[in-house]
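Let me begin by presenting the structure, written as structure tokens, before commenting on it.
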Amino acid sequence: MPPDRGAADRLLDLIGSAWITQAVGAMAELRLADALAAAPRDAAVLAAELGCDADALERLLQALVSLELCTTRGDGCYTLTPLGALLGEGVAGSLRHWALWWSRHLWPLWGDLAGSVRSGHSARARLSGQAGYEHLQHDPMAACTFHAAMGELTSFVAAVLAERMRFASGALLADLGGGNGELLVGILAADASLRGLLFEMPHALADAQARIAAAGMQARIAVQSGDFFESVPAADVYLLKSVLHNWDDEHCIRLLARCRAAMGPPARLVVIERVRRAQPATGASARALARNDLNMLIGPGGRERSAAALERLFAAAGLRQVGAMALAHGLTALDLRAG
């Protein structure tokens, strides 16, 4: 039987798709979006401005055209597409730091996915001896990129959550492991009566204070350093966005139990996670969830969980789920109360 050329072409495309991550990452690192946002340029002019080799930059730009991040005009100048504009620094909806995180900081870990599958352990922990996000405490530049990247993703979620979930007037919301504070900023911007408390490790505090100051919310959002596995501060509402998927079941139950112990009768815990289907599936959403699940395996050593698996964690910590709400990027907000 002759080989299936269509299947071979598709497999070749899958095998070589890593180039896309690096092409997008190079565009972000070289700040091409910022340069092209100012005015269309040809490769030679851009190369002189950005300190690049003109021929190599031309070839990258041609690759970015194939990805629909740039377009080219008849005069040889390149322009930015709406998609490519999202790699600009500080633009609304920017994903520049997310591109840098994937193309630089996650890249070596994905190279040892097979090792993580064999061992069941994080590639980062095996390669560096640092579990979870411990490495961020020793690498300020990586911490800055990471928290900026998380903030970029969170801005979309915060907008939907603020629009669709109601909190009691005057409530104090504690965001546990809240990174640079983007989630609290987004929620509090929609309700002037709410107050916030960002509870994070020291490596996140500088970025958080800068983000809160930029939003003019220093008087409404307090920042506190601590380890949520040991204790959590008093609050009316606790937020855990994309936290549980970083950890194994034992750590998750310990964290949830700390929240349960701090919760008074009317308090709420809102857990925001990707909820995986009970059975494997195909399609874009299934691929996105699989990508994130494997990313948790090689990185912090966590996992994406099904609704049933999450419910078991909640029950073990004395919590019960009373509602669920779909958000952005495949995330779901799970509303919990003390059981």
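Chain labels A, B, ... are given in the sequence in which chains occur in the structure tokens; within each chain residues are numbered consecutively from 1, and ligands are likewise numbered from 1 in the order shown.
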List every residue of stretch 135-198 of chain A that DSSP, applied to the backbone of this structure, places in alpha helix (DSSP H), and write the result as a VMD selection string. chain A and resid 140 to 164 182 to 189
List the neighbours of A:Thr79 out to 7 Å using only C-alpha atoms; skip same-chain residues closer than 4 positions along the sequence, and give me the result as a list in words. Leu36, Pro40, Cys70, Thr71 and Thr72 of chain A
How about saving the chosen residues, all heavy atoms kept, as a compact mmCIF listing (two decimals), in the first residue's frame?
# COMPACT_ATOMS: atom_id res chain seq x y z
N LEU A 36 6.82 48.35 14.08
CA LEU A 36 5.89 48.44 12.96
C LEU A 36 4.62 49.20 13.31
O LEU A 36 3.93 49.71 12.41
CB LEU A 36 5.54 47.03 12.46
CG LEU A 36 6.67 46.29 11.75
CD1 LEU A 36 6.27 44.86 11.43
CD2 LEU A 36 7.09 47.02 10.49
N PRO A 40 5.01 51.63 8.76
CA PRO A 40 5.53 50.52 7.94
C PRO A 40 7.01 50.77 7.62
O PRO A 40 7.44 51.90 7.43
CB PRO A 40 4.67 50.59 6.68
CG PRO A 40 3.41 51.29 7.10
CD PRO A 40 3.85 52.28 8.13
N CYS A 70 2.15 39.77 10.22
CA CYS A 70 2.54 40.94 9.43
C CYS A 70 1.98 40.78 8.03
O CYS A 70 1.57 39.68 7.63
CB CYS A 70 4.07 41.08 9.34
SG CYS A 70 4.93 41.28 10.89
N THR A 71 1.98 41.85 7.29
CA THR A 71 1.68 41.81 5.86
C THR A 71 2.77 42.61 5.14
O THR A 71 3.51 43.37 5.78
CB THR A 71 0.31 42.41 5.53
OG1 THR A 71 0.28 43.78 5.97
CG2 THR A 71 -0.80 41.64 6.22
N THR A 72 2.86 42.43 3.84
CA THR A 72 3.85 43.17 3.07
C THR A 72 3.17 43.96 1.97
O THR A 72 2.14 43.52 1.42
CB THR A 72 4.91 42.22 2.47
OG1 THR A 72 5.92 42.99 1.82
CG2 THR A 72 4.28 41.25 1.50
Polymer residues at most 7 Å from A:His203, only C-alpha atoms, same-chain spacing of 3 or more positions, as a list in words: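 Final neighbour list, sorted by chain and number: Leu136, Gln137 and Ala143 of chain A.
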Residues as selected, C-alpha atoms, written as a PDB file, in the first residue's frame, can you do that?
ATOM      1  CA  LEU A 136      11.359  32.655  40.519  1.00  0.00           C
ATOM      2  CA  GLN A 137      12.697  33.634  43.941  1.00  0.00           C
ATOM      3  CA  ALA A 143       9.847  36.417  37.790  1.00  0.00           C
TER       4      ALA A 143
END
A:Ala328: which residues within 8 Å, counting only C-alpha atoms, same-chain residues fewer than 4 positions away excluded, as a VMD selection string? chain A and resid 156 to 157 160 332
Which residues are close to A:Glu163, i.e. within 9 Å by only C-alpha atoms, leaving aside same-chain residues fewer than 5 positions away? Reply as an MDAnalysis selection string. chainID A and resid 158 187 190
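You can rank A:Ala208, A:Ile253, A:Leu289, A:Leu294 by their closest distance to A:Gly318 using only C-alpha atoms, and at the top of that list sits A:Ile253.
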